[in-house]
$ cat input.txt   # compact mmCIF, C-alpha atoms
# COMPACT_ATOMS: atom_id res chain seq x y z
CA MET A 5 1.09 -38.38 -62.80
CA SER A 6 -1.68 -36.27 -61.39
CA GLU A 7 -1.71 -35.37 -57.69
CA PRO A 8 -4.50 -36.86 -55.59
CA GLY A 9 -7.60 -34.69 -55.65
CA SER A 10 -6.63 -32.99 -59.00
CA THR A 11 -9.11 -32.43 -61.89
CA ALA A 12 -7.49 -35.24 -63.96
CA GLN A 13 -8.88 -37.83 -61.53
CA GLN A 14 -12.37 -36.46 -61.94
CA GLN A 15 -12.56 -37.13 -65.78
CA PRO A 16 -14.54 -40.29 -66.98
CA LYS A 17 -12.73 -43.50 -68.01
CA PRO A 18 -12.56 -44.61 -71.78
CA THR A 19 -15.16 -47.35 -71.31
CA GLU A 20 -17.51 -44.87 -69.75
CA LEU A 21 -17.01 -42.55 -72.75
CA ALA A 22 -17.72 -45.36 -75.25
CA ASN A 23 -20.87 -46.41 -73.43
CA ALA A 24 -22.06 -42.84 -73.31
CA ALA A 25 -21.48 -42.39 -77.10
CA ALA A 26 -23.44 -45.58 -77.90
CA GLU A 27 -26.30 -44.43 -75.72
CA GLU A 28 -26.36 -41.05 -77.47
CA ALA A 29 -26.57 -42.74 -80.92
CA ARG A 30 -29.40 -45.04 -79.77
CA ARG A 31 -31.38 -42.11 -78.41
CA ARG A 32 -31.02 -40.18 -81.69
CA ARG A 33 -32.33 -43.22 -83.69
CA LEU A 34 -35.30 -43.52 -81.42
CA GLY A 35 -35.93 -39.74 -81.38
CA LEU A 36 -35.34 -39.50 -77.64
CA PRO A 37 -33.87 -36.40 -75.99
CA PRO A 38 -30.10 -36.48 -75.41
CA LEU A 39 -28.63 -37.50 -72.05
CA PRO A 40 -28.15 -34.62 -69.54
CA ARG A 41 -24.60 -33.28 -69.61
CA ARG A 42 -22.56 -34.35 -66.60
CA ARG A 43 -21.75 -31.37 -64.33
CA ARG A 44 -18.38 -30.92 -62.78
CA ASP A 45 -18.37 -31.22 -58.92
CA ARG A 46 -16.92 -27.86 -57.78
CA SER A 47 -17.74 -28.32 -54.05
CA ARG A 48 -15.25 -31.11 -53.48
CA PRO A 49 -12.20 -28.83 -52.84
CA VAL A 50 -14.21 -26.76 -50.35
CA ARG A 51 -15.22 -29.86 -48.43
CA LEU A 52 -11.64 -31.01 -48.31
CA VAL A 53 -10.51 -27.64 -46.90
CA LEU A 54 -13.26 -27.72 -44.27
CA ARG A 55 -12.29 -31.24 -43.22
CA TRP A 56 -8.68 -30.10 -42.90
CA LEU A 57 -9.64 -27.07 -40.76
CA VAL A 58 -11.82 -29.19 -38.48
CA SER A 59 -9.00 -31.71 -38.01
CA VAL A 60 -6.49 -28.99 -37.15
CA GLY A 61 -8.98 -27.34 -34.73
CA VAL A 62 -9.52 -30.63 -32.94
CA LEU A 63 -5.78 -31.14 -32.56
CA VAL A 64 -5.29 -27.59 -31.21
CA ALA A 65 -8.16 -27.98 -28.75
CA VAL A 66 -6.78 -31.29 -27.48
CA ALA A 67 -3.33 -29.75 -27.05
CA PHE A 68 -4.76 -26.69 -25.22
CA LEU A 69 -6.86 -28.78 -22.88
CA GLY A 70 -3.92 -31.02 -22.13
CA THR A 71 -1.63 -28.08 -21.41
CA SER A 72 -4.29 -26.37 -19.29
CA ALA A 73 -4.90 -29.52 -17.31
CA TRP A 74 -1.16 -29.91 -16.69
CA ALA A 75 -0.85 -26.24 -15.63
CA TYR A 76 -3.91 -26.49 -13.38
CA PHE A 77 -2.78 -29.63 -11.59
CA THR A 78 0.79 -28.34 -11.19
CA GLY A 79 -0.40 -25.00 -9.82
CA GLU A 80 0.68 -22.91 -12.78
CA ILE A 81 -2.91 -21.74 -13.23
CA GLY A 82 -5.99 -22.01 -11.08
CA PRO A 83 -6.07 -21.83 -7.28
CA LEU A 84 -2.85 -22.14 -5.30
CA ARG A 85 -2.17 -25.39 -3.49
CA GLY A 86 0.01 -26.70 -0.74
CA ASP A 87 2.93 -24.52 0.34
CA GLU A 88 2.05 -21.84 -2.21
CA LYS A 89 -1.40 -21.45 -0.70
CA ASP A 90 0.06 -21.30 2.83
CA VAL A 91 2.61 -18.65 1.90
CA ALA A 92 0.02 -16.51 0.11
CA ARG A 93 -2.20 -16.72 3.17
CA THR A 94 0.72 -15.76 5.43
CA LEU A 95 1.54 -12.71 3.29
CA ALA A 96 -2.08 -11.61 3.20
CA LEU A 97 -2.84 -12.01 6.90
CA ALA A 98 0.47 -11.49 8.72
CA GLY A 99 2.62 -9.53 6.28
CA ASP A 100 3.42 -5.82 6.16
CA THR A 101 0.23 -4.74 4.45
CA PRO A 102 -0.76 -1.07 4.14
CA ALA A 103 -3.92 0.14 5.84
CA TRP A 104 -5.12 1.70 2.59
CA ALA A 105 -5.30 -1.64 0.72
CA ASP A 106 -8.53 -3.62 0.94
CA PRO A 107 -8.49 -7.37 1.79
CA GLU A 108 -9.22 -8.52 -1.77
CA GLN A 109 -6.42 -6.33 -3.10
CA ILE A 110 -3.99 -7.83 -0.57
CA ARG A 111 -5.01 -11.40 -1.44
CA CYS A 112 -4.57 -10.64 -5.13
CA ALA A 113 -1.06 -9.28 -4.55
CA ALA A 114 -0.08 -12.19 -2.29
CA ASP A 115 -1.21 -14.75 -4.90
CA ALA A 116 0.74 -12.93 -7.61
CA MET A 117 3.91 -12.86 -5.49
CA VAL A 118 3.71 -16.58 -4.81
CA LYS A 119 2.99 -17.46 -8.46
CA ASP A 120 5.98 -15.38 -9.62
CA ASN A 121 8.48 -16.40 -6.94
CA GLY A 122 7.20 -19.64 -5.46
CA SER A 123 7.02 -20.51 -1.79
CA ALA A 124 10.64 -21.67 -1.81
CA GLY A 125 11.83 -18.43 -3.43
CA LEU A 126 10.10 -16.28 -0.81
CA ALA A 127 11.40 -18.49 1.99
CA ASP A 128 14.96 -18.37 0.67
CA ALA A 129 14.75 -14.58 0.42
CA GLY A 130 13.73 -14.31 4.09
CA VAL A 131 10.22 -13.01 3.51
CA VAL A 132 8.66 -16.07 5.15
CA THR A 133 10.01 -18.88 7.31
CA LYS A 134 9.01 -22.52 7.34
CA THR A 135 7.54 -23.40 10.74
CA GLY A 136 6.40 -26.97 11.19
CA SER A 137 3.70 -27.70 8.67
CA GLY A 138 3.16 -24.06 7.73
CA PHE A 139 4.88 -20.70 7.33
CA SER A 140 5.33 -17.56 9.41
CA TYR A 141 6.08 -14.04 8.27
CA ALA A 142 9.75 -13.07 8.72
CA GLY A 143 9.60 -9.67 7.04
CA GLU A 144 13.08 -9.59 5.50
CA TRP A 145 12.63 -8.16 2.01
CA PRO A 146 15.29 -7.88 -0.69
CA SER A 147 14.72 -4.59 -2.50
CA ALA A 148 13.57 -6.24 -5.72
CA LEU A 149 10.93 -8.33 -3.95
CA GLY A 150 9.82 -5.41 -1.76
CA SER A 151 9.30 -3.24 -4.80
CA GLN A 152 7.44 -6.08 -6.54
CA TRP A 153 5.18 -6.56 -3.50
CA TYR A 154 4.00 -2.95 -3.64
CA ALA A 155 3.80 -3.03 -7.44
CA GLU A 156 1.45 -6.01 -7.16
CA LEU A 157 -0.62 -4.20 -4.51
CA LEU A 158 -0.98 -1.20 -6.80
CA ASP A 159 -1.70 -3.46 -9.76
CA CYS A 160 -4.50 -5.18 -7.86
CA ALA A 161 -6.27 -1.92 -6.96
CA ASP A 162 -9.90 -2.08 -7.98
CA GLY A 163 -11.49 0.74 -9.96
CA GLY A 164 -9.66 1.22 -13.24
CA ALA A 165 -6.20 2.01 -14.56
CA ASN A 166 -5.72 5.12 -12.41
CA SER A 167 -7.29 3.83 -9.21
CA TRP A 168 -3.89 3.06 -7.66
CA SER A 169 -2.85 6.72 -7.87
CA ARG A 170 -6.04 7.90 -6.18
CA GLN A 171 -5.56 5.29 -3.49
CA VAL A 172 -1.99 6.38 -2.76
CA ALA A 173 -2.93 10.08 -2.90
CA ASP A 174 -5.58 9.52 -0.23
CA ALA A 175 -3.19 7.53 1.94
CA TRP A 176 -0.46 10.18 1.59
CA THR A 177 -2.92 13.09 2.09
CA LEU A 178 -2.12 14.62 -1.29
CA ASP A 179 -4.51 17.01 -2.99
CA ASP A 180 -4.09 15.62 -6.51
CA PRO A 181 -2.90 12.20 -7.81
CA ARG A 182 -1.69 13.38 -11.23
CA CYS A 183 1.94 13.75 -10.20
CA LEU A 184 1.91 10.19 -8.90
CA ARG A 185 0.99 8.99 -12.37
CA GLU A 186 3.78 11.12 -13.82
CA VAL A 187 6.30 9.48 -11.51
CA GLY A 188 4.88 6.09 -12.48
CA ARG A 189 3.63 3.04 -10.66
CA PRO A 190 6.97 1.14 -10.52
CA ALA A 191 8.77 4.15 -9.01
CA ILE A 192 5.99 4.76 -6.47
CA ALA A 193 6.14 1.07 -5.55
CA GLY A 194 9.85 1.51 -4.82
CA VAL A 195 9.18 4.51 -2.57
CA LEU A 196 6.47 2.59 -0.72
CA ALA A 197 8.82 -0.35 -0.20
CA VAL A 198 11.57 1.83 1.28
CA THR A 199 9.21 3.67 3.62
CA ASN A 200 7.19 0.64 4.79
CA LEU A 201 9.30 -2.52 4.61
CA ARG A 202 12.42 -3.84 6.34
CA LEU A 203 14.73 -4.12 3.35
CA THR A 204 17.89 -6.21 3.41
CA ASP A 205 19.84 -4.03 0.96
CA GLU A 206 20.15 -0.41 -0.16
CA ASP A 207 19.47 -0.94 -3.86
CA LEU A 208 16.20 0.99 -3.88
CA ALA A 209 17.47 4.05 -1.99
CA ALA A 210 19.53 5.29 -4.94
CA LYS A 211 16.78 4.45 -7.43
CA ASN A 212 14.25 6.46 -5.43
CA VAL A 213 16.16 9.76 -5.60
CA ALA A 214 14.63 10.81 -8.92
CA ALA A 215 11.12 9.82 -7.81
CA ILE A 216 11.43 11.74 -4.52
CA THR A 217 12.79 14.80 -6.31
CA HIS A 218 9.77 14.74 -8.62
CA LEU A 219 7.38 14.29 -5.70
CA ASP A 220 8.98 17.19 -3.83
CA SER A 221 8.63 19.48 -6.82
CA CYS A 222 4.95 18.59 -7.10
CA TYR A 223 3.84 18.61 -3.49
CA ALA A 224 6.39 19.87 -0.93
CA ARG A 225 5.86 23.50 0.10
CA THR A 226 7.14 25.75 2.94
CA PRO A 227 4.18 26.22 5.30
CA GLU A 228 2.84 29.37 6.94
CA ALA A 229 3.58 30.10 10.60
CA PRO A 230 1.16 28.79 13.23
CA VAL A 231 -1.31 31.09 14.96
CA GLY A 232 -2.16 31.34 18.66
CA ALA A 233 -5.17 32.28 20.78
CA ALA A 234 -4.46 33.26 24.41
CA ALA A 235 -6.74 33.02 27.44
CA ALA A 236 -5.78 34.73 30.73
CA GLY A 237 -5.93 32.64 33.88
CA TYR A 238 -4.91 33.07 37.50
CA ARG A 239 -1.11 33.28 37.39
CA GLU A 240 -1.14 31.33 34.13
CA VAL A 241 -1.68 31.75 30.42
CA THR A 242 -3.50 29.24 28.21
CA LEU A 243 -2.31 29.30 24.60
CA LYS A 244 -4.04 27.35 21.84
CA VAL A 245 -1.61 27.02 18.94
CA THR A 246 -2.90 25.93 15.53
CA ALA A 247 -0.91 25.01 12.46
CA PRO A 248 -2.29 26.30 9.15
CA ALA A 249 -4.16 23.97 6.82
CA VAL A 250 -2.01 22.39 4.10
CA THR A 251 -3.12 20.84 0.81
CA SER A 252 -0.59 17.99 0.93
CA GLY A 253 1.29 16.24 3.70
CA ILE A 254 0.62 16.27 7.44
CA ALA A 255 1.08 19.50 9.40
CA SER A 256 2.37 19.47 12.96
CA ILE A 257 3.73 21.97 15.49
CA ASP A 258 7.38 22.03 16.48
CA ASP A 259 7.46 23.76 19.86
CA GLY A 260 11.01 23.12 20.98
CA ALA A 261 11.06 22.30 24.67
CA ALA A 262 7.49 23.41 25.43
CA GLN A 263 5.11 20.73 26.63
CA PRO A 264 1.48 20.85 25.47
CA THR A 265 -1.12 20.04 28.08
CA ALA A 266 -3.93 19.11 25.70
CA GLY A 267 -4.83 18.61 22.05
CA GLU A 268 -3.28 16.80 19.13
CA ASP A 269 -1.42 18.02 16.08
CA PRO A 270 -2.14 20.28 14.30
CA GLU A 271 -3.80 22.02 17.29
CA LEU A 272 -2.09 21.98 20.68
CA THR A 273 -2.90 23.72 23.96
CA TYR A 274 -0.26 24.98 26.37
CA THR A 275 -0.87 26.02 29.98
CA LEU A 276 1.98 28.33 30.97
CA PRO A 277 2.39 29.24 34.66
CA VAL A 278 3.73 32.71 35.55
CA ALA A 279 5.06 34.18 38.78
CA GLN A 280 2.35 36.79 39.26
CA GLY A 281 -0.70 38.28 37.64
CA GLY A 282 -0.32 40.33 34.48
CA THR A 283 2.90 38.56 33.44
CA GLU A 284 3.40 37.54 29.82
CA ALA A 285 4.14 33.98 28.73
CA CYS A 286 5.09 32.81 25.25
CA VAL A 287 5.58 29.72 23.11
CA GLN A 288 7.87 29.71 20.09
CA ALA A 289 6.36 27.39 17.54
CA THR A 290 7.03 26.39 13.95
CA THR A 291 4.76 24.66 11.45
CA LYS A 292 6.28 21.45 10.15
CA VAL A 293 4.84 19.47 7.24
CA THR A 294 5.88 15.84 6.83
CA TYR A 295 5.37 13.96 3.56
CA ALA A 296 4.94 10.21 3.30
CA TRP A 297 8.17 9.69 1.35
CA GLY A 298 10.26 11.29 4.15
CA THR A 299 10.55 14.93 3.07
CA VAL A 300 9.96 17.55 5.79
CA ARG A 301 9.31 21.26 5.23
CA ALA A 302 9.43 23.74 8.14
CA GLY A 303 8.20 27.34 8.14
CA GLU A 304 9.47 30.39 10.00
CA PRO A 305 9.20 30.26 13.82
CA ALA A 306 6.49 32.39 15.44
CA LYS A 307 6.51 33.77 18.99
CA LEU A 308 2.98 33.40 20.34
CA CYS A 309 2.26 35.15 23.66
CA GLY A 310 -0.45 35.97 26.14
CA LYS A 311 -0.77 37.59 29.57
CA ALA A 312 -2.07 36.11 32.80
CA ALA A 313 -4.99 37.78 34.53
CA ALA A 314 -3.84 40.91 36.36
CA ALA A 315 -3.49 40.99 40.13
CA ARG A 316 -6.61 42.38 41.77
CA MET A 317 -7.94 43.76 45.04
CA GLU A 318 -11.47 43.28 46.30
CA TRP A 319 -13.50 43.78 49.45
CA ARG A 320 -14.91 40.82 51.32
CA THR A 321 -16.86 40.43 54.53
CA TYR A 322 -14.60 39.91 57.52
CA GLU A 323 -15.73 38.13 60.67
CA HIS A 324 -14.83 40.25 63.71
CA ALA A 325 -16.32 40.86 67.17
CA CYS A 326 -18.30 44.10 67.47
CA PRO A 327 -17.45 46.76 70.08
CA LYS A 328 -19.63 46.91 73.19
CA SER A 329 -20.95 50.28 72.14
CA MET A 330 -22.03 48.87 68.78
CA PRO A 331 -23.56 45.40 69.20
CA LYS A 332 -24.56 45.31 65.55
CA CYS A 333 -21.65 46.05 63.24
CA ALA A 334 -19.95 45.03 60.00
CA TYR A 335 -16.34 44.62 59.14
CA MET A 336 -14.80 44.45 55.68
CA ALA A 337 -11.27 43.52 54.63
CA ALA A 338 -9.28 44.07 51.44
CA TYR A 339 -8.11 40.88 49.74
CA VAL A 340 -5.27 40.92 47.22
CA GLU A 341 -4.76 38.10 44.69
CA GLY A 342 -2.30 37.49 41.89
CA LEU A 343 0.83 38.39 43.84
CA ALA A 344 4.05 36.44 43.63
CA ASP A 345 4.61 33.72 46.21
CA ASN A 346 5.34 35.24 49.64
CA GLN A 347 5.32 38.77 48.21
CA SER A 348 4.84 41.56 50.77
CA VAL A 349 2.63 44.56 49.95
CA LYS A 350 1.54 47.59 51.91
CA VAL A 351 -2.25 48.03 52.04
CA THR A 352 -3.61 51.46 52.98
CA TYR A 353 -7.21 52.26 54.02
CA ARG A 354 -8.56 55.80 53.56
CA PRO A 355 -12.04 55.95 55.15
CA SER A 356 -14.50 58.83 55.00
CA GLY A 357 -17.93 59.67 56.43
CA ASP A 358 -19.03 57.35 59.21
CA PHE A 359 -16.19 54.90 58.49
CA LYS A 360 -13.10 55.31 60.65
CA CYS A 361 -9.68 53.81 61.10
CA PRO A 362 -8.76 52.66 64.57
CA ARG A 363 -8.15 55.66 66.86
CA LYS A 364 -9.92 57.76 64.25
CA LYS A 365 -6.85 58.19 62.11
CA PRO A 366 -7.45 59.58 58.57
CA ALA A 367 -5.60 56.59 57.07
CA CYS A 368 -4.27 53.32 58.31
CA SER A 369 -1.71 51.06 56.66
CA VAL A 370 -0.50 47.55 57.17
CA THR A 371 2.03 45.35 55.38
CA VAL A 372 0.72 41.92 54.44
CA LYS A 373 2.49 38.91 52.98
CA ALA A 374 1.09 36.67 50.24
CA ASP A 375 0.91 32.94 50.74
CA ASP A 376 2.27 30.30 48.34
CA ALA A 377 -0.74 30.87 46.08
CA GLY A 378 -0.05 34.62 45.78
CA LYS A 379 -3.01 35.66 47.97
CA ALA A 380 -3.05 38.03 50.94
CA ARG A 381 -5.65 39.65 53.26
CA ALA A 382 -5.46 42.99 55.00
CA PRO A 383 -6.94 43.48 58.50
CA GLY A 384 -10.64 44.29 58.61
CA ILE A 385 -12.08 47.77 59.10
CA LEU A 386 -15.31 48.72 60.79
CA VAL A 387 -17.81 49.88 58.17
CA THR A 388 -20.95 50.46 60.24
CA GLY A 389 -22.68 53.77 59.66
CA LYS A 390 -25.33 55.56 57.63
CA LYS A 391 -22.92 56.91 55.06
CA GLY A 392 -19.26 56.71 54.15
CA LYS A 393 -16.75 54.82 52.09
CA VAL A 394 -13.28 53.29 52.34
CA VAL A 395 -10.67 53.34 49.58
CA ALA A 396 -8.06 50.57 49.85
CA SER A 397 -4.87 50.70 47.81
CA ALA A 398 -1.72 48.63 47.38
CA GLY A 399 0.62 49.99 44.75
CA SER A 400 -1.38 50.24 41.52
CA LEU A 401 -4.22 48.18 42.96
CA LYS A 402 -7.27 49.98 44.33
CA ALA A 403 -10.73 49.02 45.59
CA THR A 404 -13.55 51.13 47.07
CA TYR A 405 -16.19 50.02 49.57
CA PRO A 406 -19.03 50.17 48.95
CA GLY A 407 -18.57 49.88 45.24
CA SER A 408 -20.36 52.31 42.95

$ encode --input "input.txt" --output "structure tokens"
Amino acid sequence: MSEPGSTAQQQPKPTELANAAAEEARRRRLGLPPLPRRRRDRSRPVRLVLRWLVSVGVLVAVAFLGTSAWAYFTGEIGPLRGDEKDVARTLALAGDTPAWADPEQIRCAADAMVKDNGSAGLADAGVVTKTGSGFSYAGEWPSALGSQWYAELLDCADGGANSWSRQVADAWTLDDPRCLREVGRPAIAGVLAVTNLRLTDEDLAAKNVAAITHLDSCYARTPEAPVGAAAAGYREVTLKVTAPAVTSGIASIDDGAAQPTAGEDPELTYTLPVAQGGTEACVQATTKVTYAWGTVRAGEPAKLCGKAAAARMEWRTYEHACPKSMPKCAYMAAYVEGLADNQSVKVTYRPSGDFKCPRKKPACSVTVKADDAGKARAPGILVTGKKGKVVASAGSLKATYPGS
């Protein structure tokens, strides 16, 4: 028996053949042209195949639409609903999100976390806590979820396949992102989780060793020593200490017990008091470079010094009553500054010309004592006359009146 749709079914029946033969004989007797030969219908199999394909396509489309509708209304695809939406919002707005991630990137990562783990899974893990009708951020991350959170953040970075590495390189102040790509996104996500999240286990710490070793070999370098610029002040030294520029990491100054008075790393200013003028003061400082994954590199310590302004002596006008024989007169006195607190010094005047010491002595001396600010004044000397000068001295200090 022939199968349905085979060529056997398409052949004419016996009665049809007999009728056709009789008609042919009649036409020959009458001299008419023969009947046109019946052509075989070759398009029928093609139409059958097309009908079959259309039927199958309709069935597939119906199944797809049904599955999609089920997934949409159950939250498997499409926008999040209910608790899932609340948890995603909590992660995006209240979670531990890095400053380098943009809001859309954070929302994308939060949605992905909720779709993969569900609101109940994140609540059970301690990441969020149910509070009344909503959720609050608890911040307890198992290592696996913490690593996934940062992997999703990196995955959601906008700007192409390598945009995540450029984003992290900028955040970590690295000169080149290529090594980050060598380490790989999953490993970098693990390092980010350890350094930024409160993890509930130590699983990632051991896994991160290889990644950190690779990062160190790429970026960590021993820095140069800092440099200093000194400015002399009155019984003090001002030192501006600057760490050298580094291509990766953040440079700072390790100054031991010294206390800066101004500035911020990597440039600090120290104001160092000294006992008296001309004394040296120093800061011992080291450049320290800290990398985002926890590695620290320190250079050799440098002793940076400067000297305070030297002690000095100068002449100043001194108010004193004039002698009766000289109603118009002038007195000058030698002032000494930059001494140690309460230091005693001997000041000697050596006048010449019209200028005289009391009782016309060739020289006159007096011992004076500095105050708590290191300043002292010698007694005044009469300096009225047409010509003359006075040389005052105290140890290595010297001043002449009038000055040249």

$ closest_atom_pairs --input "input.txt" --of "stretch 165-239 of chain A" --to "stretch 286-298 of chain A" --cutoff "7 Å" --atoms "all atoms listed in the file" --output "CSV"
residue,atom,partner,partner_atom,distance
A:Trp176,CA,A:Ala296,CA,5.7
A:Val195,CA,A:Trp297,CA,6.6
A:Thr199,CA,A:Trp297,CA,6.5
A:Pro227,CA,A:Thr291,CA,6.4
A:Glu228,CA,A:Thr291,CA,6.8
A:Ala229,CA,A:Thr291,CA,5.6
A:Pro230,CA,A:Thr291,CA,5.8

$ write_last_selection --input "input.txt" --atoms "C-alpha atoms" --output "PDB file, keeping the file's coordinate frame"
ATOM      1  CA  TRP A 176      -0.460  10.180   1.590  1.00  0.00           C
ATOM      2  CA  VAL A 195       9.180   4.510  -2.570  1.00  0.00           C
ATOM      3  CA  THR A 199       9.210   3.670   3.620  1.00  0.00           C
ATOM      4  CA  PRO A 227       4.180  26.220   5.300  1.00  0.00           C
ATOM      5  CA  GLU A 228       2.840  29.370   6.940  1.00  0.00           C
ATOM      6  CA  ALA A 229       3.580  30.100  10.600  1.00  0.00           C
ATOM      7  CA  PRO A 230       1.160  28.790  13.230  1.00  0.00           C
TER       8      PRO A 230
END

$ residues_around --input "input.txt" --residues "stretch 161-169 of chain A" --least-positions-apart "4" --cutoff "12 Å" --atoms "all atoms listed in the file" --output "PDB file with C-alpha atoms, keeping the file's coordinate frame"
ATOM      1  CA  TRP A 104      -5.120   1.700   2.590  1.00  0.00           C
ATOM      2  CA  ALA A 105      -5.300  -1.640   0.720  1.00  0.00           C
ATOM      3  CA  ASP A 106      -8.530  -3.620   0.940  1.00  0.00           C
ATOM      4  CA  PRO A 107      -8.490  -7.370   1.790  1.00  0.00           C
ATOM      5  CA  GLU A 108      -9.220  -8.520  -1.770  1.00  0.00           C
ATOM      6  CA  GLN A 109      -6.420  -6.330  -3.100  1.00  0.00           C
ATOM      7  CA  ILE A 110      -3.990  -7.830  -0.570  1.00  0.00           C
ATOM      8  CA  ARG A 111      -5.010 -11.400  -1.440  1.00  0.00           C
ATOM      9  CA  CYS A 112      -4.570 -10.640  -5.130  1.00  0.00           C
ATOM     10  CA  ALA A 113      -1.060  -9.280  -4.550  1.00  0.00           C
ATOM     11  CA  TYR A 154       4.000  -2.950  -3.640  1.00  0.00           C
ATOM     12  CA  ALA A 155       3.800  -3.030  -7.440  1.00  0.00           C
ATOM     13  CA  GLU A 156       1.450  -6.010  -7.160  1.00  0.00           C
ATOM     14  CA  LEU A 157      -0.620  -4.200  -4.510  1.00  0.00           C
ATOM     15  CA  ALA A 173      -2.930  10.080  -2.900  1.00  0.00           C
ATOM     16  CA  ASP A 174      -5.580   9.520  -0.230  1.00  0.00           C
ATOM     17  CA  ALA A 175      -3.190   7.530   1.940  1.00  0.00           C
ATOM     18  CA  TRP A 176      -0.460  10.180   1.590  1.00  0.00           C
ATOM     19  CA  THR A 177      -2.920  13.090   2.090  1.00  0.00           C
ATOM     20  CA  LEU A 178      -2.120  14.620  -1.290  1.00  0.00           C
ATOM     21  CA  ASP A 179      -4.510  17.010  -2.990  1.00  0.00           C
ATOM     22  CA  ASP A 180      -4.090  15.620  -6.510  1.00  0.00           C
ATOM     23  CA  PRO A 181      -2.900  12.200  -7.810  1.00  0.00           C
ATOM     24  CA  ARG A 182      -1.690  13.380 -11.230  1.00  0.00           C
ATOM     25  CA  CYS A 183       1.940  13.750 -10.200  1.00  0.00           C
ATOM     26  CA  LEU A 184       1.910  10.190  -8.900  1.00  0.00           C
ATOM     27  CA  ARG A 185       0.990   8.990 -12.370  1.00  0.00           C
ATOM     28  CA  GLU A 186       3.780  11.120 -13.820  1.00  0.00           C
ATOM     29  CA  VAL A 187       6.300   9.480 -11.510  1.00  0.00           C
ATOM     30  CA  GLY A 188       4.880   6.090 -12.480  1.00  0.00           C
ATOM     31  CA  ARG A 189       3.630   3.040 -10.660  1.00  0.00           C
ATOM     32  CA  PRO A 190       6.970   1.140 -10.520  1.00  0.00           C
ATOM     33  CA  ALA A 191       8.770   4.150  -9.010  1.00  0.00           C
ATOM     34  CA  ILE A 192       5.990   4.760  -6.470  1.00  0.00           C
ATOM     35  CA  ALA A 193       6.140   1.070  -5.550  1.00  0.00           C
TER      36      ALA A 193
END

$ closest_atom_pairs --input "input.txt" --of "stretch 224-341 of chain A" --to "stretch 366-373 of chain A" --cutoff "12 Å" --atoms "all atoms listed in the file" --output "tab-separated table"
residue	atom	partner	partner_atom	distance
A:Ala337	CA	A:Val370	CA	11.8
A:Ala338	CA	A:Val372	CA	10.7
A:Tyr339	CA	A:Val372	CA	10.1
A:Val340	CA	A:Val372	CA	9.4
A:Glu341	CA	A:Lys373	CA	11.0

$ atom_distance --input "input.txt" --atom1 "atom CA of A:Asp258" --atom2 "atom CA of A:Pro270"
9.9 Å

$ atom_distance --input "input.txt" --atom1 "atom CA of A:Ala233" --atom2 "atom CA of A:Ala313"
14.8 Å

$ axis_aligned_box --input "input.txt" --around "stretch 361-379 of chain A" --padding-each-side "5 Å" --output "JSON"
{"center_x": -3.7, "center_y": 44.9, "center_z": 56.3, "size_x": 22.4, "size_y": 39.3, "size_z": 31.1}

$ residues_around --input "input.txt" --residues "A:Ala398" --least-positions-apart "6" --cutoff "8 Å" --atoms "only C-alpha atoms" --output "list in words"
Val349, Lys350, Val351 and Thr352 of chain A

$ atom_distance --input "input.txt" --atom1 "atom CA of A:Pro327" --atom2 "atom CA of A:Asp358"
15.3 Å

$ residues_around --input "input.txt" --residues "A:Val241" --least-positions-apart "2" --cutoff "12 Å" --atoms "all atoms listed in the file" --output "tab-separated table (two decimals) with C-alpha atoms, in the frame of the given file"
chain	number	residue	atom	x	y	z
A	232	GLY	CA	-2.16	31.34	18.66
A	233	ALA	CA	-5.17	32.28	20.78
A	234	ALA	CA	-4.46	33.26	24.41
A	235	ALA	CA	-6.74	33.02	27.44
A	236	ALA	CA	-5.78	34.73	30.73
A	237	GLY	CA	-5.93	32.64	33.88
A	238	TYR	CA	-4.91	33.07	37.50
A	239	ARG	CA	-1.11	33.28	37.39
A	243	LEU	CA	-2.31	29.30	24.60
A	244	LYS	CA	-4.04	27.35	21.84
A	265	THR	CA	-1.12	20.04	28.08
A	273	THR	CA	-2.90	23.72	23.96
A	274	TYR	CA	-0.26	24.98	26.37
A	275	THR	CA	-0.87	26.02	29.98
A	276	LEU	CA	1.98	28.33	30.97
A	277	PRO	CA	2.39	29.24	34.66
A	278	VAL	CA	3.73	32.71	35.55
A	279	ALA	CA	5.06	34.18	38.78
A	280	GLN	CA	2.35	36.79	39.26
A	281	GLY	CA	-0.70	38.28	37.64
A	282	GLY	CA	-0.32	40.33	34.48
A	283	THR	CA	2.90	38.56	33.44
A	284	GLU	CA	3.40	37.54	29.82
A	285	ALA	CA	4.14	33.98	28.73
A	286	CYS	CA	5.09	32.81	25.25
A	287	VAL	CA	5.58	29.72	23.11
A	308	LEU	CA	2.98	33.40	20.34
A	309	CYS	CA	2.26	35.15	23.66
A	310	GLY	CA	-0.45	35.97	26.14
A	311	LYS	CA	-0.77	37.59	29.57
A	312	ALA	CA	-2.07	36.11	32.80
A	313	ALA	CA	-4.99	37.78	34.53
A	314	ALA	CA	-3.84	40.91	36.36

$ residues_around --input "input.txt" --residues "stretch 200-208 of chain A" --least-positions-apart "4" --cutoff "9 Å" --atoms "all atoms listed in the file" --output "ChimeraX atom specification"
/A:100-102,143-148,150-151,194-196,212-213

$ residues_around --input "input.txt" --residues "A:Thr404" --least-positions-apart "4" --cutoff "8 Å" --atoms "only C-alpha atoms" --output "list of chain:residue names"
A:Trp319, A:Lys393, A:Val394, A:Val395, A:Ala396
